[in-house]
Amino acid sequence: MADQFDVVVIGAGPAGYIAAIRAAQLGFKVACVEKWRNPKGELALGGTCLNVGCIPSKALLASSESYDEAKHHLGDHGIEIKEVGLDIGKMLARKDGIVSKMTKGIEFLFRKNKITWLKGHGRFTGKQGEQYLLEISGEGEPQAVSAAKVIIATGSKARHLPGVAVDQTLIADNEGALSFETVPKRLGVIGAGVIGLELGSVWRRLGAEVTVLEALPGFLAACDESVSKEAWKLFTKQGLDIQLGVKIGAITPGKTGVKIAYDDAQGAAHTLQVDRLIVSIGRIPNTDNLNLEAIGLGIDARGFIEVDDHCATKAPGVYAIGDVVRGPMLAHKGEDEGVMVAEILAGQKPHIDYNCIPWVIYTSPEIAWVGATEQQLKASGREYRAGQFPFAANGRALGMNSPEGFVKVLADAKTDEVLGVHIVCSAASDLIAEAAVAMEFKASSEDIARICHPHPSLSEVMREAALAVDKRALNM
Ligand code: FAD
Ligand code: NAI
């Protein structure tokens, strides 16, 4: 006899665990299936984000930034440090400690919300009446469970290059790249996307010579052009060697390093010899052995589970959220979908405006944006006005020794509604939240310009950029 729940969530990454918590808050009897094992072999909640994604990468970004600061920039403040040492083991242990604290935190939240953690791999086995049947394969005998509502939140996994084995030591994806036990002297990165830039920056700051090989001819094509240009200038000045428009050839691991053959944008052949290689060429949705066919579902040509605007699949009562469905592969997008679906199950009418989901790249300085880029507005024929203001003219930024970057506000030429905001700044990830709030409330650039912002603060640059839309910035 199968254990019956109101809602079963498959996957406890940010999409799944948040869906489970919200469903439990709304009074459902909830189970969440999760099979993740950490390097110690322990079962862990939190998915990619907490175990090998957002959280550990940001821990290493902060550590490597502090090292870089101590080594190269504290002198600007008149602080002299004679020798700066690096204990990579301690740095990795700090990161692992944060991961462990966060994943254990979700176990606590599950207990608090009376969510049953079904430990193991979940797969559909069929449907009986209204009940979807699932089998959980863990350590003991497979367990049968059933629920009328199922939320699939099985996430994504790193895309690998065909024929190139990832051993997580010489050739690594995000998992290995967050745990190198020594700083490679020469590091190769394939893919100048978010992971390539973030993790490339981590190891560069810790002393590696980093070469990034990118297939596309343009840099950060999804960003506003002014942002990509500024980022290119800053990152290459910092020492990242970024080669665009390359075609990767043979990748040959040796005893102590990896040889990468590639053609550059002009077609000339090169060989790059590195001590370690990170492959960061995107992620693919994870539907391995879910047995979707048993409930009449499949995947699309790109591997995603098809859903409508409210994350409903074609199977009544079955929803899919997070990286396994269309839309940006971002933790906060998955979390919002988790909340939305749980509330739909409870008869509420929530809605997500996907245009208001912010993006952040945690480089130094950070890059963040929400809404449309200038290229997109031009292509759609929408008339707009742009206002831009640099952090170099902001007293707080100068005090913080962070004068790089700007805020750019794009607003409709007639109604003044904010259509997009683009930020390059050390604190862009926090500043962008104001822009997301403004866009959710359909604010005009004048609304932002009329709101009192604290002085001195980086947020004043947001206000000045909004004023600049109407050509009336006060401090320029
Ligand atoms: P996942 O987090 O992938 O979780 C899915 C879970 O489902 C996994 O735990 C898996 O074990 C489990 N699972 C899968 N199939 C089954 C099954 N059949 N049975 C049981 N369990 C199953 N996003 C941001 O927004 N900000 C960032 O700063 C950021 N940094 C990142 C850094 C890196 C290095 C990487 C790789 C990603 C980063 N991301 C970031 C992306 C973010 O991690 C993902 O968008 C997010 O984790 C997706 O959440 P999810 O719940 O959909 O899937
Ligand atoms: P990505 O999609 O950001 O970038 C992959 C890059 O690799 C692209 O520029 C692509 O053109 C390039 N590429 C693809 N195939 C190639 C090839 N054969 N040779 C050379 N270059 C090639 O993917 P990435 O960096 O792996 O990250 C995956 C996803 O994880 C991101 O899209 C994002 O959704 C999420 N993420 C989010 C973060 C954040 O929010 N700060 C941080 C890290 C990851």
# chains A, B, ... in the order shown; residues from 1 in each chain; ligands from 1
$ residues_around --residues "Thr287 (chain A)" --least-positions-apart "5" --cutoff "8 Å" --atoms "only C-alpha atoms" --output "list in words"
Thr154, Gly303 and Val324 of chain A
$ residues_around --residues "region 5-22 of chain A" --least-positions-apart "2" --cutoff "6 Å" --atoms "only C-alpha atoms" --output "PyMOL selection string"
chain A and resi 24-25+28-34+45-47+147+149-154+322+331+334-335+338-339+342
$ atom_distance --atom1 "CA of Lys71 (chain A)" --atom2 "CA of Thr211 (chain A)"
21.6 Å
$ select_by_dssp --residues "region 135-245 of chain A" --states "strand (DSSP E)" --output "MDAnalysis selection string"
chainID A and resid 135:137 143:152 156:158 171:172 186:190 209:213 241:243
$ residues_around --residues "Ile55 (chain A)" --least-positions-apart "3" --cutoff "10 Å" --atoms "only C-alpha atoms" --output "list of chain:residue names"
A:Gly46, A:Thr48, A:Cys49, A:Leu50, A:Asn51, A:Val52, A:Lys58, A:Ala59, A:Leu60, A:Leu61, A:Lys95, A:Asp96, A:Ile98, A:Val99, A:Met102
$ write_last_selection --atoms "C-alpha atoms" --output "short mmCIF file (atom, residue, chain, number, x, y, z; two decimals), in the first residue's frame"
data_model
loop_
_atom_site.label_atom_id
_atom_site.label_comp_id
_atom_site.auth_asym_id
_atom_site.auth_seq_id
_atom_site.Cartn_x
_atom_site.Cartn_y
_atom_site.Cartn_z
CA GLY A 46 19.41 22.13 -1.33
CA THR A 48 22.72 22.45 -7.16
CA CYS A 49 22.27 25.91 -5.65
CA LEU A 50 23.28 25.09 -2.11
CA ASN A 51 25.68 22.21 -2.75
CA VAL A 52 27.63 23.10 -5.91
CA LYS A 58 29.69 33.08 -3.70
CA ALA A 59 31.69 31.92 -0.67
CA LEU A 60 34.79 31.45 -2.84
CA LEU A 61 34.13 34.71 -4.68
CA LYS A 95 33.01 27.25 1.92
CA ASP A 96 32.08 23.66 2.87
CA ILE A 98 28.66 27.41 4.82
CA VAL A 99 27.20 24.76 2.49
CA MET A 102 22.66 25.99 4.73
#
$ atom_distance --atom1 "CA of Ser226 (chain A)" --atom2 "CA of Val407 (chain A)"
10.4 Å
$ residues_near_ligand --ligand "ligand 2" --cutoff "7 Å" --atoms "only C-alpha atoms and all ligand atoms" --output "PyMOL selection string"
chain A and resi 53-54+158+161+190-196+198+213-216+220+246-248+280-283+328-330+359-362
$ closest_residue --among "A:Ala221, A:Ile321, A:Ala208, A:Leu187" --to "ligand 1" --atoms "only C-alpha atoms and all ligand atoms"
A:Ile321
$ residues_around --residues "Ala392 (chain A)" --least-positions-apart "3" --cutoff "12 Å" --atoms "only C-alpha atoms" --output "short mmCIF file (atom, residue, chain, number, x, y, z; two decimals) with N, CA and C atoms, in the first residue's frame"
data_model
loop_
_atom_site.label_atom_id
_atom_site.label_comp_id
_atom_site.auth_asym_id
_atom_site.auth_seq_id
_atom_site.Cartn_x
_atom_site.Cartn_y
_atom_site.Cartn_z
N PHE A 389 24.45 57.05 -15.18
CA PHE A 389 25.23 57.81 -14.21
C PHE A 389 26.37 56.92 -13.69
N GLY A 395 30.19 59.76 -3.98
CA GLY A 395 31.12 59.83 -2.85
C GLY A 395 31.27 58.51 -2.12
N ARG A 396 30.19 57.77 -1.94
CA ARG A 396 30.27 56.50 -1.22
C ARG A 396 31.13 55.50 -2.00
N ALA A 397 30.93 55.49 -3.34
CA ALA A 397 31.71 54.56 -4.17
C ALA A 397 33.20 54.90 -4.08
N LEU A 398 33.51 56.18 -4.07
CA LEU A 398 34.92 56.56 -3.96
C LEU A 398 35.47 56.15 -2.61
N GLY A 399 34.68 56.38 -1.55
CA GLY A 399 35.11 55.99 -0.21
C GLY A 399 35.35 54.49 -0.10
N MET A 400 34.56 53.74 -0.84
CA MET A 400 34.68 52.27 -0.81
C MET A 400 35.75 51.76 -1.76
N ASN A 401 36.40 52.68 -2.45
CA ASN A 401 37.41 52.30 -3.45
C ASN A 401 36.78 51.47 -4.57
N SER A 402 35.52 51.76 -4.90
CA SER A 402 34.80 51.02 -5.95
C SER A 402 34.21 52.00 -6.98
N PRO A 403 35.06 52.74 -7.67
CA PRO A 403 34.52 53.76 -8.58
C PRO A 403 34.09 53.23 -9.94
N GLU A 404 34.27 51.90 -10.18
CA GLU A 404 33.97 51.38 -11.52
C GLU A 404 32.46 51.25 -11.74
N GLY A 405 32.07 51.38 -13.00
CA GLY A 405 30.71 51.02 -13.38
C GLY A 405 29.73 52.18 -13.41
N PHE A 406 28.47 51.82 -13.66
CA PHE A 406 27.41 52.82 -13.83
C PHE A 406 26.04 52.17 -13.61
N VAL A 407 25.03 53.02 -13.53
CA VAL A 407 23.63 52.55 -13.61
C VAL A 407 23.04 53.16 -14.87
N VAL A 424 26.53 48.06 -13.49
CA VAL A 424 27.86 47.49 -13.27
C VAL A 424 28.36 48.17 -12.00
N CYS A 425 28.59 47.38 -10.94
CA CYS A 425 28.96 47.99 -9.65
C CYS A 425 29.30 46.88 -8.67
N LEU A 458 25.45 54.05 -2.42
CA LEU A 458 25.54 53.66 -3.83
C LEU A 458 24.19 53.82 -4.51
N VAL A 461 23.14 56.55 -7.02
CA VAL A 461 23.45 56.48 -8.45
C VAL A 461 22.22 56.02 -9.24
N ASN A 475 24.27 65.71 -9.97
CA ASN A 475 25.69 65.73 -9.61
C ASN A 475 26.61 65.48 -10.81
N MET A 476 26.15 65.80 -11.99
CA MET A 476 26.99 65.64 -13.21
C MET A 476 26.87 66.86 -14.09
#
$ residues_around --residues "region 259-274 of chain A" --least-positions-apart "2" --cutoff "7 Å" --atoms "only C-alpha atoms" --output "list in words"
Arg186, Leu187, Gly188, Leu244, Gly245, Val246, Lys247, Ile248, Gly249, Ala250, Ile251, Thr252, Pro253, Gly257, Arg276 and Leu277 of chain A
$ write_last_selection --atoms "C-alpha atoms" --output "PDB file, in the first residue's frame"
ATOM      1  CA  ARG A 186      47.504  27.981 -15.728  1.00  0.00           C
ATOM      2  CA  LEU A 187      43.757  27.509 -15.911  1.00  0.00           C
ATOM      3  CA  GLY A 188      41.718  27.059 -19.072  1.00  0.00           C
ATOM      4  CA  LEU A 244      36.130  35.121 -28.571  1.00  0.00           C
ATOM      5  CA  GLY A 245      34.888  33.305 -31.680  1.00  0.00           C
ATOM      6  CA  VAL A 246      37.035  30.221 -31.104  1.00  0.00           C
ATOM      7  CA  LYS A 247      36.362  26.713 -32.351  1.00  0.00           C
ATOM      8  CA  ILE A 248      37.438  24.059 -29.880  1.00  0.00           C
ATOM      9  CA  GLY A 249      39.281  21.061 -31.358  1.00  0.00           C
ATOM     10  CA  ALA A 250      40.869  18.085 -29.609  1.00  0.00           C
ATOM     11  CA  ILE A 251      41.150  18.162 -25.824  1.00  0.00           C
ATOM     12  CA  THR A 252      43.911  15.888 -24.584  1.00  0.00           C
ATOM     13  CA  PRO A 253      44.392  15.237 -20.885  1.00  0.00           C
ATOM     14  CA  GLY A 257      47.719  18.927 -17.455  1.00  0.00           C
ATOM     15  CA  ARG A 276      43.402  22.367 -15.206  1.00  0.00           C
ATOM     16  CA  LEU A 277      40.393  23.006 -17.404  1.00  0.00           C
TER      17      LEU A 277
END
$ atom_distance --atom1 "CA of Gly239 (chain A)" --atom2 "CA of Asp224 (chain A)"
22.6 Å
